[in-house]
$ cat query_32.txt   # compact mmCIF, C-alpha atoms
# COMPACT_ATOMS: atom_id res chain seq x y z
CA MET A 290 106.58 77.26 64.57
CA LYS A 291 104.41 77.83 67.65
CA PHE A 292 104.97 74.22 68.62
CA TYR A 293 108.76 74.63 68.57
CA ILE A 294 108.59 77.79 70.69
CA LYS A 295 106.45 75.94 73.26
CA LEU A 296 108.86 73.01 73.20
CA ILE A 297 111.89 75.24 73.74
CA LEU A 298 110.15 77.09 76.57
CA THR A 299 109.22 73.77 78.21
CA LEU A 300 112.81 72.57 77.94
CA ILE A 301 114.09 75.82 79.45
CA ILE A 302 111.67 75.45 82.37
CA ILE A 303 112.78 71.83 82.88
CA ALA A 304 116.42 72.94 82.78
CA VAL A 305 115.77 75.67 85.37
CA ILE A 306 113.98 73.19 87.64
CA GLY A 307 116.87 70.75 87.14
CA VAL A 308 119.42 73.37 88.15
CA GLY A 309 117.29 74.18 91.19
CA VAL A 310 117.11 70.53 92.22
CA LEU A 311 120.88 70.16 91.74
CA TYR A 312 121.42 73.25 93.90
CA PHE A 313 119.35 71.79 96.73
CA ILE A 314 121.13 68.45 96.45
CA SER A 315 124.48 70.20 96.71
CA GLN A 316 123.22 72.13 99.74
CA ARG A 317 122.07 68.90 101.29
CA LYS A 318 125.54 67.41 100.77
CA ALA A 319 127.00 70.43 102.52
CA LEU A 320 124.74 69.67 105.49
CA ASP A 321 126.02 66.10 105.61
CA VAL A 322 129.48 67.29 106.63
CA PRO A 323 129.61 66.62 110.36
CA SER A 324 130.29 69.50 112.65
CA VAL A 325 130.87 69.52 116.41
CA VAL A 326 131.09 72.15 119.09
CA GLN A 327 134.57 72.89 120.46
CA THR A 328 134.51 71.40 123.97
CA THR A 329 137.07 71.17 126.75
CA ASN A 330 139.46 68.24 126.96
CA ALA A 331 139.47 67.37 130.65
CA ILE A 332 142.36 65.41 132.13
CA ASP A 333 140.81 62.75 134.36
CA GLU A 334 143.84 60.81 135.45
CA ILE A 335 147.61 61.05 135.26
CA LYS A 336 149.46 57.77 135.55
CA LYS A 337 153.20 57.12 135.67
CA LEU A 338 154.20 54.51 133.14
CA ASN A 339 157.25 52.34 133.14
CA GLU A 340 157.10 50.53 129.86
CA LEU A 341 159.10 49.93 126.73
CA SER A 342 157.26 49.68 123.42
CA THR A 343 159.29 47.70 120.94
CA LEU A 344 156.93 47.04 118.05
CA TYR A 345 153.88 48.51 116.37
CA TYR A 346 151.72 46.08 114.44
CA TYR A 347 149.16 47.37 111.96
CA ASP A 348 146.24 45.39 110.64
CA GLU A 349 143.17 46.22 108.58
CA LYS A 350 139.87 44.35 108.90
CA LEU A 351 136.56 44.49 107.13
CA ILE A 352 133.93 43.46 109.63
CA THR A 353 130.38 42.84 108.44
CA ILE A 354 127.45 42.11 110.69
CA GLN A 355 123.85 41.48 109.71
CA LYS A 356 120.49 41.68 111.40
CA GLN A 357 117.03 40.71 110.27
CA LYS A 358 114.76 43.44 108.98
CA SER A 359 111.44 44.05 110.76
CA SER A 360 108.83 41.31 110.30
CA THR A 361 106.63 43.55 108.10
CA THR A 362 109.54 44.41 105.80
CA GLN A 363 110.57 40.75 105.70
CA ALA A 364 107.07 39.70 104.71
CA ALA A 365 106.95 42.32 101.96
CA ALA A 366 110.41 41.31 100.77
CA SER A 367 109.52 37.63 100.59
CA ILE A 368 106.39 38.42 98.52
CA VAL A 369 108.44 40.51 96.06
CA ASN A 370 111.19 37.85 95.98
CA SER A 371 108.75 35.02 95.29
CA ILE A 372 107.23 37.02 92.41
CA THR A 373 110.59 37.93 90.89
CA ASP A 374 111.92 34.37 91.41
CA PHE A 375 109.32 33.23 88.96
CA PHE A 376 111.07 35.20 86.17
CA LYS A 377 114.65 34.47 87.22
CA SER A 378 116.89 31.60 86.23
CA ASP A 379 119.20 32.06 89.27
CA LYS A 380 116.83 31.79 92.21
CA SER A 381 119.56 31.97 94.84
CA GLU A 382 119.98 35.70 94.22
CA LYS A 383 117.16 37.55 95.94
CA THR A 384 115.79 40.84 94.63
CA ILE A 385 115.22 42.28 98.08
CA SER A 386 117.39 41.23 100.99
CA THR A 387 115.68 40.27 104.24
CA THR A 388 118.68 41.43 106.28
CA ASN A 389 120.35 44.77 107.02
CA ASP A 390 124.13 44.86 106.66
CA LEU A 391 126.78 46.92 108.38
CA SER A 392 130.33 46.78 107.01
CA VAL A 393 133.10 48.68 108.72
CA ILE A 394 136.73 49.00 107.70
CA CYS A 395 138.80 48.96 110.87
CA LYS A 396 142.49 49.81 111.06
CA VAL A 397 143.88 48.28 114.22
CA THR A 398 147.21 49.20 115.78
CA LEU A 399 148.81 46.97 118.39
CA ARG A 400 151.54 48.37 120.59
CA LEU A 401 153.76 45.59 121.93
CA GLY A 402 156.56 45.65 124.45
CA TYR A 403 157.39 45.21 128.12
CA LYS A 404 156.46 46.51 131.52
CA LEU A 405 159.90 47.58 132.70
CA GLU A 406 159.36 46.48 136.30
CA GLU A 407 159.11 42.93 134.89
CA VAL A 408 162.36 43.33 132.91
CA PHE A 409 164.60 45.02 135.47
CA ASP A 410 163.78 42.84 138.47
CA SER A 411 166.31 40.51 140.07
CA THR A 412 164.97 37.41 138.33
CA HIS A 413 165.50 38.86 134.86
CA PHE A 414 168.32 41.36 135.23
CA ALA A 415 171.84 41.27 136.67
CA VAL A 416 175.10 43.10 136.14
CA SER A 417 178.61 41.78 136.38
CA ASN A 418 181.71 43.78 135.38
CA ASP A 419 181.00 45.17 131.92
CA THR A 420 178.15 42.78 131.10
CA VAL A 421 174.45 43.05 131.63
CA TYR A 422 172.66 39.72 131.90
CA LEU A 423 169.13 40.03 130.76
CA LYS A 424 166.48 37.41 130.40
CA LEU A 425 163.62 39.11 128.65
CA PRO A 426 160.13 37.83 129.45
CA GLU A 427 157.77 37.33 126.52
CA ALA A 428 156.67 40.64 125.01
CA GLN A 429 153.05 41.54 125.60
CA ILE A 430 150.40 43.64 123.93
CA LEU A 431 150.43 46.97 125.73
CA ASP A 432 147.63 48.62 123.74
CA THR A 433 145.09 47.59 121.14
CA ILE A 434 144.12 50.79 119.38
CA LEU A 435 141.18 51.42 117.08
CA ASN A 436 140.31 55.09 117.08
CA PRO A 437 137.31 56.73 115.38
CA THR A 438 139.67 58.00 112.66
CA ASP A 439 140.68 54.37 112.01
CA CYS A 440 137.07 53.49 111.37
CA THR A 441 135.32 53.82 108.00
CA ILE A 442 131.68 52.90 107.62
CA PHE A 443 131.82 51.14 104.29
CA ALA A 444 128.16 50.09 104.01
CA GLU A 445 125.27 50.83 106.30
CA LYS A 446 121.89 49.45 105.34
CA GLY A 447 119.10 49.99 107.83
CA ASN A 448 119.27 51.52 111.29
CA TRP A 449 122.30 50.73 113.43
CA ASN A 450 123.20 52.05 116.84
CA LEU A 451 126.40 52.73 118.76
CA ASP A 452 126.23 49.47 120.73
CA GLU A 453 126.19 47.52 117.50
CA LEU A 454 129.23 49.45 116.32
CA LYS A 455 130.94 48.52 119.60
CA THR A 456 130.37 44.85 118.75
CA VAL A 457 132.13 45.44 115.42
CA ILE A 458 135.03 47.23 117.12
CA SER A 459 135.53 44.41 119.64
CA LYS A 460 135.43 41.85 116.85
CA ALA A 461 138.00 43.74 114.77
CA LYS A 462 140.33 44.06 117.76
CA MET A 463 139.98 40.39 118.60
CA GLU A 464 140.71 39.31 115.03
CA ALA A 465 143.75 41.60 114.86
CA VAL A 466 145.15 40.06 118.05
CA ILE A 467 144.62 36.54 116.68
CA ASP A 468 146.34 37.50 113.43
CA ALA A 469 149.19 39.06 115.37
CA LYS A 470 149.72 35.82 117.28
CA ASN A 471 149.64 33.83 114.05
CA ASN A 472 152.26 36.14 112.58
CA ASP A 473 154.80 35.51 115.36
CA ILE A 474 154.48 39.09 116.43
CA TYR A 475 155.52 38.45 120.04
CA LYS A 476 158.80 36.99 118.80
CA LYS A 477 159.33 40.00 116.52
CA ALA A 478 158.62 42.35 119.43
CA GLY A 479 161.14 40.42 121.53
CA GLU A 480 163.82 40.69 118.84
CA SER A 481 163.16 44.41 118.48
CA GLY A 482 163.38 44.77 122.28
CA LYS A 483 166.74 42.99 122.35
CA LYS A 484 168.08 45.31 119.65
CA ALA A 485 166.87 48.42 121.47
CA LEU A 486 168.27 47.38 124.86
CA GLU A 487 171.55 46.16 123.36
CA LYS A 488 172.01 49.57 121.77
CA LEU A 489 171.10 51.43 124.95
CA PHE A 490 173.49 49.41 127.12
CA SER A 491 176.31 49.53 124.56
CA THR A 492 175.97 53.33 124.47
CA VAL A 493 176.70 53.43 128.21
CA GLY A 494 179.57 50.93 127.83
CA TYR A 495 178.02 47.55 128.60
CA LYS A 496 177.69 44.33 126.67
CA VAL A 497 174.42 42.44 126.92
CA ASP A 498 174.03 38.72 127.38
CA PHE A 499 170.46 37.59 126.75
CA GLU A 500 170.88 34.30 128.58
CA ASP A 501 168.82 32.82 131.33
CA ILE A 502 170.41 34.48 134.35
CA LYS A 503 169.60 31.48 136.54
CA ASN A 504 172.30 29.55 134.66
CA ILE A 505 174.91 32.23 135.14
CA GLU A 506 177.26 31.74 138.04
CA ARG A 507 178.46 35.22 138.77
CA PRO A 508 175.60 37.61 138.36
CA SER A 509 174.81 39.82 141.27
CA LEU A 510 172.71 42.91 141.36
CA GLN A 511 174.96 45.81 142.22
CA MET B 58 118.08 73.40 67.52
CA LEU B 59 116.04 70.44 68.72
CA LYS B 60 118.85 68.11 67.64
CA LYS B 61 121.36 70.12 69.65
CA ILE B 62 119.17 69.91 72.75
CA LEU B 63 118.82 66.17 72.23
CA TYR B 64 122.62 65.77 71.86
CA VAL B 65 123.24 67.77 75.04
CA THR B 66 120.67 65.68 76.96
CA MET B 67 122.20 62.43 75.68
CA LEU B 68 125.70 63.63 76.56
CA GLY B 69 124.47 64.52 80.04
CA LEU B 70 122.92 61.06 80.50
CA LEU B 71 126.10 59.44 79.22
CA LEU B 72 128.27 61.39 81.65
CA THR B 73 125.97 60.61 84.57
CA SER B 74 126.03 56.89 83.80
CA CYS B 75 129.85 56.96 83.52
CA GLY B 76 130.04 58.60 86.93
CA GLN B 77 127.94 55.87 88.55
CA ASN B 78 130.05 53.12 87.01
CA SER B 79 133.30 54.64 88.21
CA THR B 80 131.91 54.85 91.76
CA LYS B 81 130.99 51.18 91.63
CA ASN B 82 134.47 50.31 90.38
CA THR B 83 136.12 52.33 93.13
CA GLU B 84 134.11 50.45 95.75
CA LYS B 85 135.12 47.12 94.22
CA ASP B 86 138.79 48.14 94.03
CA LEU B 87 138.69 49.27 97.63
CA GLN B 88 137.23 45.95 98.71
CA ALA B 89 139.84 44.03 96.76
CA ASP B 90 142.82 46.02 98.00
CA LEU B 91 141.83 46.19 101.60
CA PHE B 92 143.00 43.17 103.39
CA GLU B 93 145.93 41.03 104.24
CA LYS B 94 147.98 44.19 104.38
CA MET B 95 149.81 43.52 107.57
CA ARG B 96 152.96 45.21 108.60
CA SER B 97 154.95 46.00 111.68
CA GLN B 98 157.43 48.61 112.73
CA ASP B 99 160.30 48.30 115.22
CA VAL B 100 160.35 51.05 117.82
CA ALA B 101 162.06 51.79 121.14
CA GLU B 102 159.73 54.02 123.11
CA PHE B 103 160.17 54.38 126.85
CA GLY B 104 156.70 55.30 128.06
CA ALA B 105 156.79 57.56 131.10
CA VAL B 106 153.36 59.16 131.52
CA GLU B 107 149.80 58.42 130.53
CA TYR B 108 146.97 60.95 130.57
CA THR B 109 143.35 59.85 130.54
CA ILE B 110 141.31 62.56 128.85
CA THR B 111 137.54 62.87 128.96
CA LYS B 112 135.72 64.81 126.31
CA LEU B 113 132.14 65.66 125.44
CA VAL B 114 131.39 65.45 121.76
CA GLN B 115 128.41 67.60 120.85
CA SER B 116 127.04 67.74 117.32
CA ARG B 117 126.16 71.07 115.76
CA ASP B 118 123.24 71.59 113.41
CA ASP B 119 124.35 73.47 110.34
CA GLU B 120 122.56 76.77 109.87
CA LYS B 121 124.60 78.12 107.00
CA THR B 122 122.77 76.77 103.99
CA LEU B 123 119.21 77.32 102.88
CA TRP B 124 118.59 73.59 102.78
CA ALA B 125 119.88 73.25 106.36
CA ARG B 126 117.56 76.01 107.52
CA ILE B 127 114.58 74.39 105.78
CA LYS B 128 115.40 71.06 107.45
CA ASN B 129 115.81 72.67 110.84
CA THR B 130 112.30 74.11 110.66
CA PHE B 131 111.09 70.50 110.90
CA GLY B 132 113.02 70.03 114.16
CA THR B 133 116.68 69.91 115.12
CA ARG B 134 118.91 66.89 115.61
CA LYS B 135 121.27 66.73 118.56
CA VAL B 136 123.70 64.21 119.88
CA LEU B 137 125.96 64.41 122.92
CA MET B 138 128.50 61.71 123.64
CA ARG B 139 131.13 61.32 126.34
CA CYS B 140 134.36 59.72 125.23
CA LYS B 141 137.65 58.79 126.80
CA ALA B 142 141.13 58.86 125.33
CA THR B 143 144.52 57.90 126.66
CA MET B 144 147.63 59.73 125.55
CA LYS B 145 151.09 58.35 126.27
CA ALA B 146 154.36 60.22 126.24
CA GLY B 147 157.96 59.32 126.86
CA ILE B 148 161.38 59.07 125.32
CA ASP B 149 161.68 57.70 121.80
CA LEU B 150 165.06 56.04 121.42
CA GLY B 151 164.06 54.30 118.22
CA VAL B 152 166.28 56.21 115.87
CA GLY B 153 169.31 55.96 118.13
CA ASN B 154 169.32 59.69 118.72
CA TYR B 155 170.99 59.64 122.14
CA ARG B 156 174.57 59.60 123.41
CA ALA B 157 176.56 59.07 126.57
CA GLU B 158 179.87 60.35 127.91
CA VAL B 159 181.26 57.72 130.27
CA ASP B 160 184.18 57.95 132.67
CA ASN B 161 184.74 54.44 134.01
CA GLU B 162 187.36 55.46 136.56
CA LYS B 163 185.14 58.05 138.21
CA LYS B 164 182.06 55.92 137.55
CA SER B 165 180.39 58.97 136.08
CA ILE B 166 178.12 59.37 133.09
CA ILE B 167 176.42 62.17 131.20
CA LEU B 168 173.46 60.73 129.29
CA SER B 169 171.97 62.98 126.61
CA LEU B 170 168.47 61.94 125.63
CA PRO B 171 166.08 63.41 123.08
CA HIS B 172 163.19 65.46 124.39
CA ALA B 173 160.04 63.55 125.25
CA THR B 174 157.35 63.09 122.62
CA VAL B 175 153.70 62.14 122.55
CA PHE B 176 153.43 58.61 121.21
CA SER B 177 151.22 58.20 118.21
CA PRO B 178 148.46 57.11 117.98
CA ILE B 179 146.50 58.09 121.07
CA ASP B 180 143.94 55.52 122.17
CA MET B 181 140.31 56.62 121.92
CA ASP B 182 138.29 53.46 122.27
CA ILE B 183 134.80 53.58 120.77
CA ASN B 184 133.81 50.92 123.32
CA ASP B 185 134.23 53.59 126.02
CA VAL B 186 131.91 56.06 124.27
CA GLU B 187 128.79 56.83 126.25
CA MET B 188 125.69 58.19 124.52
CA LEU B 189 124.29 60.92 126.77
CA VAL B 190 121.70 62.62 124.58
CA GLU B 191 120.31 61.70 121.18
CA ASN B 192 117.21 63.51 120.05
CA LYS B 193 115.71 64.69 116.80
CA GLY B 194 112.61 66.35 115.45
CA VAL B 195 109.74 64.05 114.42
CA LEU B 196 110.33 64.64 110.72
CA ARG B 197 114.11 64.32 110.86
CA ASP B 198 116.20 61.23 110.11
CA ASP B 199 117.92 59.17 112.78
CA PHE B 200 121.66 59.67 113.14
CA THR B 201 123.51 57.13 111.05
CA LEU B 202 126.62 55.40 112.36
CA GLU B 203 128.58 57.21 109.68
CA GLU B 204 127.49 60.52 111.20
CA LEU B 205 128.23 59.39 114.77
CA VAL B 206 131.70 58.16 113.78
CA GLY B 207 132.22 61.45 111.95
CA PHE B 208 131.46 63.39 115.16
CA LEU B 209 133.82 61.17 117.15
CA GLN B 210 136.54 61.66 114.56
CA LEU B 211 136.22 65.41 115.01
CA GLY B 212 136.40 64.95 118.77
CA GLU B 213 139.58 62.92 118.36
CA GLN B 214 141.07 65.64 116.16
CA GLN B 215 140.25 68.25 118.81
CA ILE B 216 142.17 66.24 121.41
CA LEU B 217 145.14 65.89 119.07
CA ALA B 218 145.10 69.61 118.39
CA ASP B 219 145.23 70.51 122.10
CA GLU B 220 148.71 72.00 122.43
CA THR B 221 148.32 72.73 126.17
CA ILE B 222 147.79 69.07 126.98
CA LYS B 223 150.69 68.08 124.74
CA LYS B 224 153.06 70.58 126.38
CA ASN B 225 152.06 69.40 129.86
CA ILE B 226 152.42 65.71 129.11
CA ILE B 227 155.81 66.22 127.44
CA LYS B 228 157.11 68.20 130.41
CA GLN B 229 155.82 65.60 132.83
CA ALA B 230 157.23 62.76 130.73
CA GLU B 231 160.74 64.23 130.98
CA GLU B 232 160.36 64.73 134.72
CA THR B 233 159.28 61.10 135.09
CA ALA B 234 161.79 59.61 132.65
CA GLU B 235 164.78 61.21 134.37
CA PRO B 236 164.52 59.10 137.59
CA MET B 237 163.63 56.05 135.47
CA PHE B 238 166.94 56.23 133.56
CA ARG B 239 168.83 57.30 136.71
CA ALA B 240 167.65 54.16 138.54
CA LEU B 241 168.84 52.03 135.64
CA LEU B 242 172.27 53.69 135.59
CA ILE B 243 172.61 53.25 139.35
CA GLN B 244 171.93 49.54 138.86
CA LEU B 245 174.77 49.52 136.30
CA GLY B 246 177.12 50.89 138.94
CA PHE B 247 177.40 54.57 138.03
CA GLU B 248 177.79 56.93 140.94
CA THR B 249 177.84 60.38 139.34
CA ILE B 250 174.97 60.68 136.90
CA LYS B 251 173.79 63.57 134.80
CA ILE B 252 170.82 63.14 132.50
CA GLU B 253 169.93 65.90 130.08
CA PHE B 254 167.26 66.32 127.44
CA VAL B 255 168.59 67.94 124.30
CA ASN B 256 167.79 68.35 120.64
CA LEU B 257 169.81 65.59 119.01
CA ASN B 258 168.38 65.59 115.51
$ encode --input "query_32.txt" --output "structure tokens"
Amino acid sequence: MKFYIKLILTLIIIAVIGVGVLYFISQRKALDVPSVVQTTNAIDEIKKLNELSTLYYYDEKLITIQKQKSSTTQAAASIVNSITDFFKSDKSEKTISTTNDLSVICKVTLRLGYKLEEVFDSTHFAVSNDTVYLKLPEAQILDTILNPTDCTIFAEKGNWNLDELKTVISKAKMEAVIDAKNNDIYKKAGESGKKALEKLFSTVGYKVDFEDIKNIERPSLQ
Amino acid sequence: MLKKILYVTMLGLLLTSCGQNSTKNTEKDLQADLFEKMRSQDVAEFGAVEYTITKLVQSRDDEKTLWARIKNTFGTRKVLMRCKATMKAGIDLGVGNYRAEVDNEKKSIILSLPHATVFSPIDMDINDVEMLVENKGVLRDDFTLEELVGFLQLGEQQILADETIKKNIIKQAEETAEPMFRALLIQLGFETIKIEFVNLN
């Protein structure tokens, strides 16, 4: 009987300690929520734009980069790996990795369109009677956007710094641009631009002819 | 009694192990679903103004919890970063919410445009982030990238929540867009031009 009382008391103590540990873990999680001081947003520069965005392109990339662990850790890892390899059938899978990995999910937004000074100049734009002659240049990427809120650190093993994250960001942006090109996105932006301008000019009573204005006899800028 | 305690312990272990498995599955699902999701959206946004905004992002050590206070006795952790963001505003004609009253004989036009808007998203490039201060107590952990990105995300949200900047940029976008559209209408041959910004929804 005495034994059971002792056992129950021990279990109660363990339970109390467990609850205490859980409480501290939960408090620690609360600390992990980032918090920043409210600071001023200062306007550095105001620039007049003259551009027409015709297409937004969204892409999502998982970028992973690796770097070697410190030489001491690598040496320790290779000792452990060589010991564990002895007991394993698949020796390609290492118990301890000798590299640190950083995987980031990046959501990239491309804003495509035109600089309007390139569209409404005399080589691309002319008006005759009720028709606007417009030769649109190829659409271009106006912005490649990857904000902090578009960035999710998926895996972070080891110590990584901001410069290394910048490498990841540049890589994600570059890959998104390549994918955009492969997906005929400039053509799509051009088609969207034609639709938008056709609608704008038709609203003010003009038809639009998207021909090469060099081949048109009558056009003259009024 | 002992049996009951054993059952409860086993149930606890079982639940804990289930939790770990589901986390692993979620990670796998996330990895599988992530990519090759590419899409595009047609828009018609006449950009008129761009603001470049500079902001200091300063982390704050939590003092609310007991655990936080214990940790802070071993030294604080501070980070201060300077970041840049560009915000564009102009007239969104994408949904066709504009109209015109044209008089060809008088060569006059009244063009009603929607009010200017801030184009989404803003552009806050992490490549432009400058680390100004990063220090921590000897016994404290280094900042992880997850934490740094978390701070920057909050900084971005603070910029987006700044109504004064938004009001200013919208006002300026309308002032800039008016001559932009006027110049275009003059090129089309209109002589009497009125451009107004109205609620056309």
$ interface_residues --input "query_32.txt" --of "chain A" --to "chain B" --cutoff "7 Å" --atoms "all atoms listed in the file" --output "PyMOL selection string"
chain A and resi 313+316-317+320+323-326+328-350+416+434-438+442+449-451+455+481+485+492-493+511
$ write_last_selection --input "query_32.txt" --atoms "C-alpha atoms" --output "PDB file, in the frame of the given file"
ATOM      1  CA  PHE A 313     119.350  71.790  96.730  1.00  0.00           C
ATOM      2  CA  GLN A 316     123.220  72.130  99.740  1.00  0.00           C
ATOM      3  CA  ARG A 317     122.070  68.900 101.290  1.00  0.00           C
ATOM      4  CA  LEU A 320     124.740  69.670 105.490  1.00  0.00           C
ATOM      5  CA  PRO A 323     129.610  66.620 110.360  1.00  0.00           C
ATOM      6  CA  SER A 324     130.290  69.500 112.650  1.00  0.00           C
ATOM      7  CA  VAL A 325     130.870  69.520 116.410  1.00  0.00           C
ATOM      8  CA  VAL A 326     131.090  72.150 119.090  1.00  0.00           C
ATOM      9  CA  THR A 328     134.510  71.400 123.970  1.00  0.00           C
ATOM     10  CA  THR A 329     137.070  71.170 126.750  1.00  0.00           C
ATOM     11  CA  ASN A 330     139.460  68.240 126.960  1.00  0.00           C
ATOM     12  CA  ALA A 331     139.470  67.370 130.650  1.00  0.00           C
ATOM     13  CA  ILE A 332     142.360  65.410 132.130  1.00  0.00           C
ATOM     14  CA  ASP A 333     140.810  62.750 134.360  1.00  0.00           C
ATOM     15  CA  GLU A 334     143.840  60.810 135.450  1.00  0.00           C
ATOM     16  CA  ILE A 335     147.610  61.050 135.260  1.00  0.00           C
ATOM     17  CA  LYS A 336     149.460  57.770 135.550  1.00  0.00           C
ATOM     18  CA  LYS A 337     153.200  57.120 135.670  1.00  0.00           C
ATOM     19  CA  LEU A 338     154.200  54.510 133.140  1.00  0.00           C
ATOM     20  CA  ASN A 339     157.250  52.340 133.140  1.00  0.00           C
ATOM     21  CA  GLU A 340     157.100  50.530 129.860  1.00  0.00           C
ATOM     22  CA  LEU A 341     159.100  49.930 126.730  1.00  0.00           C
ATOM     23  CA  SER A 342     157.260  49.680 123.420  1.00  0.00           C
ATOM     24  CA  THR A 343     159.290  47.700 120.940  1.00  0.00           C
ATOM     25  CA  LEU A 344     156.930  47.040 118.050  1.00  0.00           C
ATOM     26  CA  TYR A 345     153.880  48.510 116.370  1.00  0.00           C
ATOM     27  CA  TYR A 346     151.720  46.080 114.440  1.00  0.00           C
ATOM     28  CA  TYR A 347     149.160  47.370 111.960  1.00  0.00           C
ATOM     29  CA  ASP A 348     146.240  45.390 110.640  1.00  0.00           C
ATOM     30  CA  GLU A 349     143.170  46.220 108.580  1.00  0.00           C
ATOM     31  CA  LYS A 350     139.870  44.350 108.900  1.00  0.00           C
ATOM     32  CA  VAL A 416     175.100  43.100 136.140  1.00  0.00           C
ATOM     33  CA  ILE A 434     144.120  50.790 119.380  1.00  0.00           C
ATOM     34  CA  LEU A 435     141.180  51.420 117.080  1.00  0.00           C
ATOM     35  CA  ASN A 436     140.310  55.090 117.080  1.00  0.00           C
ATOM     36  CA  PRO A 437     137.310  56.730 115.380  1.00  0.00           C
ATOM     37  CA  THR A 438     139.670  58.000 112.660  1.00  0.00           C
ATOM     38  CA  ILE A 442     131.680  52.900 107.620  1.00  0.00           C
ATOM     39  CA  TRP A 449     122.300  50.730 113.430  1.00  0.00           C
ATOM     40  CA  ASN A 450     123.200  52.050 116.840  1.00  0.00           C
ATOM     41  CA  LEU A 451     126.400  52.730 118.760  1.00  0.00           C
ATOM     42  CA  LYS A 455     130.940  48.520 119.600  1.00  0.00           C
ATOM     43  CA  SER A 481     163.160  44.410 118.480  1.00  0.00           C
ATOM     44  CA  ALA A 485     166.870  48.420 121.470  1.00  0.00           C
ATOM     45  CA  THR A 492     175.970  53.330 124.470  1.00  0.00           C
ATOM     46  CA  VAL A 493     176.700  53.430 128.210  1.00  0.00           C
ATOM     47  CA  GLN A 511     174.960  45.810 142.220  1.00  0.00           C
TER      48      GLN A 511
END
$ residues_around --input "query_32.txt" --residues "Asp198 in chain B" --least-positions-apart "4" --cutoff "12 Å" --atoms "all atoms listed in the file" --output "list in words"
Asp321, Gly447 and Asn448 of chain A; Lys128, Asn129, Phe131, Gly132, Thr133, Arg134, Lys135, Glu191, Asn192, Lys193, Gly194 and Glu204 of chain B
$ residues_around --input "query_32.txt" --residues "range 424-431 of chain A" --least-positions-apart "4" --cutoff "10 Å" --atoms "all atoms listed in the file" --output "ChimeraX atom specification"
/A:340-346,399-404,407-409,412-415,466,469,474-483,498-503
$ atom_distance --input "query_32.txt" --atom1 "CA of Met463 in chain A" --atom2 "CA of Phe443 in chain A"
19.7 Å
$ atom_distance --input "query_32.txt" --atom1 "CA of Pro171 in chain B" --atom2 "CA of Phe254 in chain B"
5.4 Å
$ atom_distance --input "query_32.txt" --atom1 "CA of Ala366 in chain A" --atom2 "CA of Ile385 in chain A"
5.6 Å
$ closest_residue --input "query_32.txt" --among "B:Arg197, B:Lys228, B:Lys251, B:Arg139" --to "Ala173 in chain B" --atoms "all atoms listed in the file"
B:Lys228
$ closest_residue --input "query_32.txt" --among "A:Thr387, A:Lys396, A:Leu486, A:Thr433" --to "Thr361 in chain A" --atoms "only C-alpha atoms"
A:Thr387
$ decode --input "query_32.txt" --residues "range 177-188 of chain B" --atoms "N, CA and C atoms" --output "PDB file, in the first residue's frame"
ATOM      1  N   SER B 177      -1.348  47.546 -56.330  1.00  0.00           N
ATOM      2  CA  SER B 177      -0.902  46.481 -55.425  1.00  0.00           C
ATOM      3  C   SER B 177      -0.198  45.396 -56.236  1.00  0.00           C
ATOM      4  N   PRO B 178       0.912  44.873 -55.800  1.00  0.00           N
ATOM      5  CA  PRO B 178       1.595  45.130 -54.529  1.00  0.00           C
ATOM      6  C   PRO B 178       2.565  46.318 -54.632  1.00  0.00           C
ATOM      7  N   ILE B 179       2.985  46.816 -53.468  1.00  0.00           N
ATOM      8  CA  ILE B 179       4.095  47.760 -53.445  1.00  0.00           C
ATOM      9  C   ILE B 179       5.363  46.928 -53.693  1.00  0.00           C
ATOM     10  N   ASP B 180       6.471  47.588 -53.868  1.00  0.00           N
ATOM     11  CA  ASP B 180       7.708  46.853 -54.146  1.00  0.00           C
ATOM     12  C   ASP B 180       8.734  47.142 -53.045  1.00  0.00           C
ATOM     13  N   MET B 181       8.903  46.169 -52.159  1.00  0.00           N
ATOM     14  CA  MET B 181       9.888  46.328 -51.074  1.00  0.00           C
ATOM     15  C   MET B 181      10.944  45.242 -51.254  1.00  0.00           C
ATOM     16  N   ASP B 182      11.992  45.614 -51.949  1.00  0.00           N
ATOM     17  CA  ASP B 182      12.996  44.634 -52.349  1.00  0.00           C
ATOM     18  C   ASP B 182      13.940  44.313 -51.187  1.00  0.00           C
ATOM     19  N   ILE B 183      14.026  43.034 -50.857  1.00  0.00           N
ATOM     20  CA  ILE B 183      14.922  42.615 -49.768  1.00  0.00           C
ATOM     21  C   ILE B 183      16.382  42.921 -50.131  1.00  0.00           C
ATOM     22  N   ASN B 184      16.682  42.943 -51.436  1.00  0.00           N
ATOM     23  CA  ASN B 184      18.049  43.261 -51.864  1.00  0.00           C
ATOM     24  C   ASN B 184      18.463  44.677 -51.479  1.00  0.00           C
ATOM     25  N   ASP B 185      17.482  45.546 -51.214  1.00  0.00           N
ATOM     26  CA  ASP B 185      17.799  46.922 -50.818  1.00  0.00           C
ATOM     27  C   ASP B 185      17.871  47.089 -49.294  1.00  0.00           C
ATOM     28  N   VAL B 186      17.649  46.012 -48.564  1.00  0.00           N
ATOM     29  CA  VAL B 186      17.664  46.106 -47.095  1.00  0.00           C
ATOM     30  C   VAL B 186      19.111  46.230 -46.598  1.00  0.00           C
ATOM     31  N   GLU B 187      19.303  47.163 -45.705  1.00  0.00           N
ATOM     32  CA  GLU B 187      20.634  47.416 -45.175  1.00  0.00           C
ATOM     33  C   GLU B 187      20.623  47.101 -43.677  1.00  0.00           C
ATOM     34  N   MET B 188      21.523  46.231 -43.251  1.00  0.00           N
ATOM     35  CA  MET B 188      21.607  45.892 -41.829  1.00  0.00           C
ATOM     36  C   MET B 188      22.424  46.970 -41.117  1.00  0.00           C
TER      37      MET B 188
END
